[in-house]
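Engineer: My structure is stored as model25.txt, with compact mmCIF, C-alpha atoms.
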# COMPACT_ATOMS: atom_id res chain seq x y z
CA MET J 1 -16.44 -64.04 13.02
CA LYS J 2 -16.73 -61.53 15.76
CA ILE J 3 -13.03 -60.62 15.67
CA ARG J 4 -13.23 -60.06 11.94
CA LYS J 5 -16.15 -57.67 12.43
CA VAL J 6 -14.20 -55.74 15.02
CA ILE J 7 -11.22 -55.47 12.69
CA VAL J 8 -13.43 -54.21 9.84
CA ILE J 9 -14.94 -51.59 12.12
CA LEU J 10 -11.47 -50.57 13.32
CA ILE J 11 -10.16 -50.23 9.75
CA THR J 12 -13.19 -48.24 8.56
CA GLY J 13 -12.77 -46.08 11.64
CA LYS J 14 -9.13 -45.49 10.75
CA VAL J 15 -10.00 -44.58 7.17
CA VAL J 16 -12.84 -42.29 8.20
CA PHE J 17 -10.56 -40.66 10.77
CA GLY J 18 -7.85 -40.16 8.16
CA LEU J 19 -10.32 -38.66 5.70
CA PHE J 20 -11.58 -36.35 8.43
CA ILE J 21 -8.07 -35.15 9.34
CA GLY J 22 -7.21 -34.55 5.68
CA LEU J 23 -10.41 -32.63 5.05
CA ALA J 24 -10.01 -30.57 8.23
CA SER J 25 -6.42 -29.55 7.46
CA GLY J 26 -7.44 -28.75 3.88
CA PHE J 27 -10.20 -26.51 5.21
CA ALA J 28 -7.81 -24.66 7.48
CA VAL J 29 -5.12 -24.12 4.82
CA GLY J 30 -7.65 -23.18 2.12
CA ALA J 31 -9.39 -20.66 4.37
CA GLY J 32 -6.03 -19.20 5.32
CA PHE J 33 -4.99 -18.87 1.69
CA VAL J 34 -8.23 -17.12 0.71
CA ALA J 35 -7.98 -14.81 3.73
CA PHE J 36 -4.40 -13.91 2.78
CA VAL J 37 -5.24 -13.17 -0.86
CA THR J 38 -8.31 -11.16 0.18
CA VAL J 39 -6.47 -9.03 2.73
CA LEU J 40 -3.75 -8.13 0.24
CA GLY J 41 -6.31 -7.18 -2.40
CA VAL J 42 -4.37 -8.43 -5.41
CA ILE J 43 -7.47 -9.55 -7.34
CA PRO J 44 -9.36 -6.23 -6.95
CA ARG J 45 -6.20 -4.48 -8.06
CA LEU J 46 -5.97 -6.63 -11.21
CA THR J 47 -9.64 -6.07 -12.09
CA GLN J 48 -9.11 -2.34 -11.56
CA LEU J 49 -6.08 -2.32 -13.87
CA THR J 50 -7.82 -4.25 -16.63
CA LYS J 51 -11.32 -2.79 -16.00
CA THR J 52 -12.93 -6.22 -15.82
CA MET J 53 -14.86 -5.97 -12.55
CA GLN J 54 -17.73 -8.02 -13.98
CA PHE J 55 -15.56 -11.14 -14.30
CA ILE J 56 -14.53 -11.21 -10.65
CA HIS J 57 -16.35 -14.53 -10.09
CA TYR J 58 -14.34 -16.17 -12.87
CA TYR J 59 -11.18 -14.87 -11.21
CA GLU J 60 -12.28 -16.52 -7.97
CA ALA J 61 -12.80 -19.75 -9.90
CA ALA J 62 -9.31 -19.37 -11.41
CA ILE J 63 -7.74 -19.04 -7.96
CA ILE J 64 -9.62 -22.09 -6.64
CA ALA J 65 -8.84 -24.18 -9.73
CA GLY J 66 -5.18 -23.16 -9.51
CA VAL J 67 -4.95 -24.12 -5.84
CA VAL J 68 -6.69 -27.48 -6.28
CA ILE J 69 -4.77 -28.52 -9.41
CA GLY J 70 -1.49 -27.25 -7.95
CA THR J 71 -2.06 -29.20 -4.74
CA TRP J 72 -2.92 -32.38 -6.59
CA LEU J 73 0.00 -32.24 -9.03
CA GLY J 74 2.34 -31.23 -6.21
CA LEU J 75 1.42 -34.31 -4.19
CA GLN J 76 1.58 -36.80 -7.09
CA GLU J 77 4.60 -37.95 -9.06
CA VAL J 78 3.18 -36.93 -12.45
CA LYS J 79 5.41 -36.50 -15.49
CA LEU J 80 3.88 -34.85 -18.53
CA PHE J 81 6.82 -34.88 -21.01
CA TRP J 82 5.87 -31.52 -22.55
CA THR J 83 8.28 -29.03 -24.10
CA LYS J 84 10.55 -27.22 -21.67
CA TRP J 85 9.70 -23.83 -23.26
CA LEU J 86 6.31 -24.00 -21.55
CA LEU J 87 8.24 -23.22 -18.38
CA VAL J 88 9.02 -19.66 -19.49
CA PRO J 89 5.43 -18.32 -19.37
CA ILE J 90 4.76 -20.33 -16.21
CA GLY J 91 7.82 -18.84 -14.52
CA LEU J 92 6.88 -15.33 -15.64
CA ALA J 93 3.30 -15.64 -14.36
CA ASP J 94 4.62 -17.12 -11.12
CA GLY J 95 6.93 -14.13 -10.71
CA ILE J 96 4.29 -11.50 -11.51
CA PHE J 97 1.88 -13.01 -9.00
CA ASN J 98 4.55 -13.20 -6.30
CA GLY J 99 5.68 -9.66 -7.10
CA MET J 100 2.15 -8.37 -6.68
CA LEU J 101 1.88 -10.19 -3.35
CA ALA J 102 5.18 -8.65 -2.21
CA ALA J 103 4.14 -5.17 -3.32
CA ALA J 104 0.78 -5.52 -1.57
CA LEU J 105 2.52 -6.62 1.59
CA THR J 106 4.81 -3.57 1.52
CA GLU J 107 1.77 -1.37 1.04
CA VAL J 108 -0.15 -2.94 3.92
CA LEU J 109 2.83 -2.24 6.18
CA ASN J 110 2.74 1.47 5.27
CA VAL J 111 6.49 1.63 4.64
CA PHE J 112 6.55 4.22 1.87
CA PRO J 113 4.29 6.98 3.23
CA ILE J 114 6.22 7.11 6.49
CA LEU J 115 9.62 6.94 4.83
CA ALA J 116 8.74 9.66 2.31
CA LYS J 117 7.32 11.93 4.99
CA ARG J 118 10.33 11.50 7.27
CA MET J 119 12.77 12.28 4.50
CA GLY J 120 10.67 15.01 2.91
CA ILE J 121 10.89 13.45 -0.53
CA GLN J 122 7.24 13.21 -1.53
CA GLU J 123 8.05 13.32 -5.29
CA LYS J 124 10.99 10.93 -5.20
CA VAL J 125 9.08 8.04 -3.64
CA ILE J 126 9.10 6.40 -7.05
CA TYR J 127 12.89 6.06 -6.88
CA LEU J 128 12.64 4.34 -3.51
CA MET J 129 10.10 1.98 -5.02
CA MET J 130 12.46 1.22 -7.88
CA ALA J 131 15.10 0.35 -5.25
CA LEU J 132 12.78 -2.34 -3.91
CA VAL J 133 11.88 -3.60 -7.39
CA LEU J 134 15.49 -3.81 -8.59
CA GLY J 135 16.55 -5.32 -5.26
CA LYS J 136 13.99 -8.10 -5.67
CA ILE J 137 14.93 -8.83 -9.27
CA ILE J 138 18.68 -8.82 -8.72
CA GLY J 139 18.45 -10.67 -5.39
CA SER J 140 16.37 -13.36 -7.02
CA LEU J 141 18.62 -13.70 -10.09
CA PHE J 142 21.71 -13.79 -7.87
CA GLN J 143 20.20 -16.59 -5.80
CA TRP J 144 19.17 -18.83 -8.72
CA ILE J 145 22.24 -18.31 -10.89
CA TYR J 146 25.08 -18.03 -8.38
CA TYR J 147 24.05 -18.55 -4.76
CA VAL J 148 22.60 -22.07 -5.19
CA ASP J 149 26.04 -23.33 -6.34
CA LEU J 150 27.84 -22.17 -3.19
CA MET S 151 -28.93 42.11 7.97
CA ASP S 152 -26.44 40.70 5.52
CA LEU S 153 -25.80 37.08 4.89
CA ILE S 154 -22.27 35.90 4.18
CA TYR S 155 -21.32 32.41 3.15
CA LEU S 156 -17.93 31.18 4.18
CA ARG S 157 -15.94 28.05 3.48
CA MET S 158 -12.75 27.29 5.37
CA ARG S 159 -9.81 26.17 3.26
CA ASN S 160 -8.23 22.83 4.01
CA ARG S 161 -4.53 23.64 4.06
CA VAL S 162 -2.61 26.87 3.62
CA HIS S 163 1.13 27.29 3.22
CA VAL S 164 2.68 30.46 4.65
CA GLN S 165 6.15 31.78 5.29
CA LYS S 166 7.73 33.10 8.46
CA ASN S 167 6.60 36.59 9.58
CA GLN S 168 3.85 36.60 6.98
CA GLN S 169 0.50 38.18 7.78
CA VAL S 170 -2.44 35.82 7.48
CA ARG S 171 -5.59 37.58 6.34
CA LEU S 172 -9.10 36.19 6.55
CA LYS S 173 -9.17 35.65 2.79
CA ASP S 174 -6.17 33.31 3.14
CA VAL S 175 -7.95 30.89 5.44
CA ALA S 176 -11.47 31.03 3.99
CA LYS S 177 -13.51 31.84 0.93
CA PHE S 178 -16.30 34.41 1.42
CA ILE S 179 -19.38 34.98 -0.69
CA GLY S 180 -21.84 37.80 -0.07
CA ASP S 181 -22.22 41.54 -0.46
CA ASP S 182 -19.15 42.69 -2.42
CA GLU S 183 -18.24 45.66 -0.28
CA GLN S 184 -18.61 43.80 2.96
CA VAL S 185 -16.73 40.74 1.70
CA LYS S 186 -13.84 42.97 0.66
CA LYS S 187 -13.69 44.54 4.09
CA ILE S 188 -13.73 41.19 5.82
CA GLU S 189 -11.23 39.56 3.49
CA GLU S 190 -8.53 42.14 4.16
CA GLU S 191 -8.77 41.79 7.93
CA VAL S 192 -5.51 40.49 9.41
CA LEU S 193 -6.10 37.39 11.48
CA LEU S 194 -2.61 36.82 12.79
CA THR S 195 1.06 37.22 12.01
CA VAL S 196 3.16 34.10 11.93
CA THR S 197 5.84 34.23 14.62
CA HIS S 198 8.64 31.89 15.49
CA GLU S 199 6.71 30.48 18.48
CA ASP S 200 4.08 29.09 16.17
CA LYS S 201 6.46 26.27 15.14
CA ASN S 202 5.26 24.82 11.89
CA ILE S 203 1.56 24.17 12.30
CA ILE S 204 -1.22 26.57 13.28
CA ILE S 205 -4.83 25.52 13.39
CA ILE S 206 -7.43 28.20 12.73
CA ASP S 207 -10.82 27.13 14.00
CA LEU S 208 -14.05 28.32 12.46
CA VAL S 209 -15.01 30.11 15.67
CA GLN S 210 -11.89 32.27 15.46
CA VAL S 211 -12.94 33.41 11.98
CA ILE S 212 -16.49 34.12 13.16
CA GLU S 213 -15.11 36.10 16.10
CA ALA S 214 -12.98 38.18 13.75
CA ILE S 215 -15.96 38.87 11.48
CA GLN S 216 -18.16 39.87 14.38
CA ALA S 217 -15.48 42.22 15.61
CA ILE S 218 -15.92 44.08 12.33
CA ASP S 219 -19.70 44.04 12.18
CA GLN S 220 -22.03 42.47 14.73
CA SER S 221 -25.00 42.36 12.37
CA ILE S 222 -23.51 40.02 9.77
CA GLU S 223 -25.13 36.65 9.60
CA ILE S 224 -22.76 33.82 8.66
CA GLN S 225 -23.51 30.58 6.88
CA THR S 226 -20.65 28.10 6.92
CA PHE S 227 -19.91 24.95 5.01
CA GLY S 228 -16.83 22.85 4.25
CA PRO S 229 -14.20 21.93 6.84
CA SER S 230 -14.47 23.56 10.24
CA GLN S 231 -10.79 24.34 10.59
CA THR S 232 -7.85 25.33 8.43
CA ILE S 233 -4.38 23.90 8.82
CA ILE S 234 -1.73 26.56 8.32
CA GLU S 235 1.62 25.07 7.54
CA VAL S 236 4.59 27.37 8.11
CA ILE S 237 7.32 26.66 5.59
CA TYR S 238 10.72 27.72 6.86
CA GLU S 239 13.53 27.39 4.34
CA LYS S 240 12.70 24.87 1.67
CA GLN S 241 13.81 21.62 3.19
CA LYS S 242 16.82 20.41 1.26
CA VAL S 243 17.01 16.71 0.67
CA SER S 244 20.42 15.41 1.52
CA PHE S 245 21.71 13.38 -1.39
CA LEU S 246 23.76 11.21 0.96
CA ALA S 247 20.74 10.33 3.11
CA PHE S 248 18.73 9.54 0.01
CA THR S 249 21.47 7.27 -1.35
CA ALA S 250 21.75 5.54 2.02
CA VAL S 251 18.02 4.84 2.15
CA TRP S 252 18.04 3.73 -1.48
CA LEU S 253 20.83 1.23 -0.82
CA LEU S 254 19.13 0.08 2.37
CA LEU S 255 15.92 -0.66 0.50
CA PHE S 256 17.77 -2.25 -2.42
CA LEU S 257 19.89 -4.62 -0.35
CA GLY S 258 17.08 -5.27 2.12
CA ALA S 259 14.66 -6.19 -0.66
CA GLY S 260 17.24 -8.49 -2.25
CA MET S 261 18.05 -10.24 1.02
CA THR S 262 14.43 -10.67 2.09
CA ILE S 263 13.45 -12.22 -1.23
CA MET S 264 16.35 -14.70 -0.93
CA ASN S 265 15.34 -15.55 2.61
CA PHE S 266 11.75 -15.97 1.49
CA HIS S 267 12.76 -18.35 -1.30
CA VAL S 268 14.72 -20.53 1.09
CA ASP S 269 11.93 -20.36 3.66
CA VAL S 270 9.31 -21.70 1.25
CA SER S 271 11.74 -24.06 -0.58
CA MET S 272 11.12 -22.22 -3.85
CA GLY S 273 14.11 -23.92 -5.48
CA GLU S 274 12.77 -27.41 -4.80
CA VAL S 275 9.35 -26.43 -6.11
CA HIS S 276 10.93 -25.14 -9.30
CA GLN S 277 12.95 -28.36 -9.70
CA LYS S 278 9.81 -30.43 -9.19
CA LEU S 279 7.87 -28.27 -11.66
CA PHE S 280 10.63 -28.81 -14.22
CA THR S 281 10.34 -32.57 -13.77
CA LEU S 282 6.55 -32.41 -13.91
CA ILE S 283 6.47 -30.59 -17.25
CA THR S 284 9.47 -32.04 -19.09
CA GLY S 285 9.94 -35.41 -17.40
CA ARG S 286 13.64 -34.68 -16.95
CA GLU S 287 15.57 -33.49 -13.92
CA ASP S 288 17.47 -30.23 -13.60
CA ARG S 289 19.16 -28.95 -10.47
CA LYS S 290 19.10 -25.40 -11.81
CA PRO S 291 15.87 -24.92 -13.80
CA LEU S 292 16.85 -21.42 -14.98
CA LEU S 293 14.18 -21.59 -17.68
CA ILE S 294 11.60 -21.02 -14.92
CA GLN S 295 13.72 -19.01 -12.58
CA ILE S 296 14.92 -16.18 -14.82
CA PRO S 297 11.42 -15.29 -16.11
CA TYR S 298 10.25 -15.66 -12.51
CA SER S 299 12.80 -13.11 -11.29
CA PHE S 300 11.78 -10.50 -13.87
CA GLY S 301 8.12 -11.30 -13.23
CA LEU S 302 8.65 -10.35 -9.59
CA GLY S 303 9.61 -6.83 -10.63
CA ILE S 304 6.85 -6.56 -13.24
CA GLY S 305 4.27 -7.64 -10.66
CA MET S 306 5.37 -4.99 -8.18
CA ILE S 307 5.29 -2.27 -10.82
CA LEU S 308 1.87 -3.43 -12.00
CA PHE S 309 0.55 -3.31 -8.47
CA PHE S 310 1.76 0.24 -7.93
CA ASN S 311 0.66 1.27 -11.44
CA HIS S 312 3.95 2.86 -12.32
CA PHE S 313 6.40 2.21 -15.06
CA PHE S 314 9.06 4.53 -13.74
CA LYS S 315 7.31 7.78 -14.66
CA LYS S 316 4.76 6.38 -17.08
CA ARG S 317 1.44 5.16 -15.82
CA PHE S 318 -1.12 2.84 -17.34
CA ASN S 319 -4.28 4.78 -16.50
CA GLU S 320 -5.62 7.86 -14.75
CA GLU S 321 -6.52 6.27 -11.44
CA PRO S 322 -4.33 7.04 -8.43
CA SER S 323 -2.09 4.14 -7.52
CA PRO S 324 -2.55 2.38 -4.17
CA LEU S 325 0.67 4.07 -3.09
CA GLU S 326 -0.74 7.54 -3.73
CA VAL S 327 -3.97 6.62 -1.93
CA GLU S 328 -1.89 5.31 0.94
CA MET S 329 0.12 8.56 1.11
CA PHE S 330 -3.13 10.52 1.07
CA ASN S 331 -4.61 8.44 3.90
CA TYR S 332 -1.49 8.86 5.96
CA GLN S 333 -1.57 12.65 5.48
CA GLN S 334 -5.25 12.67 6.49
CA ASP S 335 -4.48 10.79 9.67
CA LEU S 336 -1.72 13.29 10.51
CA ASP S 337 -4.08 16.20 9.80
CA GLN S 338 -6.76 14.66 11.99
CA TYR S 339 -4.24 14.38 14.78
CA VAL S 340 -3.03 17.99 14.61
CA ILE S 341 -6.60 19.27 14.28
CA MET S 342 -7.49 17.58 17.55
CA ASN S 343 -4.28 18.31 19.42
CA GLU S 344 -3.03 21.68 18.17
CA ASN S 345 -6.45 23.33 18.11
CA LYS S 346 -6.86 25.56 21.15
CA GLU S 347 -10.63 25.47 20.70
CA SER S 348 -11.05 21.71 20.87
CA ASN S 349 -9.21 20.93 24.10
CA ARG S 350 -9.90 22.49 27.45
CA HIS S 351 -8.43 21.43 30.77
CA LEU S 352 -10.70 22.17 33.71
CA ASP S 353 -9.12 19.70 36.08
CA ASN S 354 -6.25 21.81 37.44
CA ARG S 355 -7.96 25.12 37.97
Will you turn the file into C-alpha cells for me?
Structural biologist:
Amino acid sequence: MKIRKVIVILITGKVVFGLFIGLASGFAVGAGFVAFVTVLGVIPRLTQLTKTMQFIHYYEAAIIAGVVIGTWLGLQEVKLFWTKWLLVPIGLADGIFNGMLAAALTEVLNVFPILAKRMGIQEKVIYLMMALVLGKIIGSLFQWIYYVDL
Amino acid sequence: MDLIYLRMRNRVHVQKNQQVRLKDVAKFIGDDEQVKKIEEEVLLTVTHEDKNIIIIDLVQVIEAIQAIDQSIEIQTFGPSQTIIEVIYEKQKVSFLAFTAVWLLLFLGAGMTIMNFHVDVSMGEVHQKLFTLITGREDRKPLLIQIPYSFGLGIGMILFFNHFFKKRFNEEPSPLEVEMFNYQQDLDQYVIMNENKESNRHLDNR
C-alpha cells in the first residue's frame, strides 16, 4: 500500500514538473516573441499605413491567436485535406510579414542613412533599397526553385 | 532704445570665398532702417581654412550687432546657433561606386535571406504546412514558396512606404525619419565640437 502511494506521488510529481517546465519555456519564448515584434514596430507601422489605430488591441489578439494556433498545429500531426490553392494567400501573407520584419531590422541597424551620407546620394537611397528588395525576392526564388535540388 | 527680434537660421549653404552677411544667418524684425543696416553687415568671409562646416553662435551675432549700435536691445528665439555648410564643387557621384554598392546590397540581401531560410528550416516548415493543408506530401511546395518570395519584397516596400517613386500617403516613411534623425545627431555633434563658444580649455594655460 505504502509503495503504491509513493509511486503515485512520484508520478504526479513528474507530471507537475513536466507541466511546469513546459509552461516556463512557453513563457520565455512568448515573451521573447512579443519583445521582438514590439522592438521592430511592425504593428504600429501597419496601423499607420491603414489608419486603424483604434483596432490595435484586435491586432494584438491576432498576433496571440496566430502564435497559439501555429504552435499547436505545428506540434500535432493534423491533416486538413483542404484545397492546395489556399496555400497561395498563406504564402503571400507569410512573405509580407517576413519582409516587413526584414525591413524593420535593416532600419533598426541604421544601414541606409549612413550609406547614403557616405556616398552623398541622398536622393538615390530608393535605388539602394530596391537592391535589397530585389535581392531578397530573387535570392528566395533561387533557393526554392533551384538551390534545394542541388 | 530699439527692440530687435532675431531668429537664427538652422542651416545655411554657402560657397567658397563667399561673404556671409548677418541676414544670411538670421532673420531680423524691428525698425526697418536699423534692420537694413544690421542685415547688410558682413559677418565673415569663407576661407579655405574653414573646411566645410562653420558654426555661428548667437553671441557672435549679438557682438556684431552691438558693434554697430550699443543701444539696440535684442530679443532672440529659435535655435541658438547656425550651421554654415561650405559647398565646394558639387560632389559628383561615381557611377562605378554606386553600381558596386548596389550589387553588394543585392547579392548580400539574397545570400542573407537564403542563410536565414536554412537557419530557421523554412523549407521544412513549408513542407509541413503543405501536408497540413492538403494532406499530401510535396518536397517542393512552390505553391507557398513563390507567393512567399514576392510577399517578402511587398512587405519591405510596404514598411518603407515606397513603391519605387510612388507613395501611399503623405506621411514620411520610417527611412526618411531615420535619415532626419541621423542628420540631427550629426548636427548636434558639430554644434558641440566645432563651436568655439561652447568649448573652452583652461587646463593648459
Engineer: Name the closest residue to J:Val37 among the candidates J:Asn98, J:Thr52, J:Ser25, J:Thr12; distances are taken between atoms, counting only C-alpha atoms.
Structural biologist: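 Smallest distance to J:Val37 is found for J:Asn98.
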Engineer: Residues of chain S were defined as contacting chain J if any atom lay at most 6 Å from it, counting all atoms listed in the file; please report them as a ChimeraX atom specification.
Structural biologist: /S:252,255-257,259-260,282-285,293-294,297-306,309,329
Engineer: Please determine, counting only C-alpha atoms, which residue among J:Thr38, J:Arg118, J:Glu123, J:Phe27 has the shortest atom-to-atom distance to S:Val251.
Structural biologist: J:Arg118
Engineer: Within 9 Å of S:Gln169, counting only C-alpha atoms, which residues qualify if same-chain residues fewer than 2 places away don't, as a PyMOL selection string?
Structural biologist: chain S and resi 164-167+171+192-196
Engineer: Hey, can you check how far atom CA of S:Arg159 sits from atom CA of S:Ile188?
Structural biologist: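 Between these atoms lies a distance of 15.7 Å.
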Engineer: Go through S:Glu235, S:Asp181, S:Glu199, S:Glu326 one by one, measure the shortest atom-to-atom distance of each to S:Phe310 using all atoms listed in the file, and give the residue with the smallest value.
Structural biologist: S:Glu326
Engineer: Just to confirm, what's the straight-line distance from atom CA of S:Ile206 to atom CA of S:Thr232 in Å (one decimal)?
Structural biologist: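 Atom CA of S:Ile206 sits 5.2 Å away from atom CA of S:Thr232.
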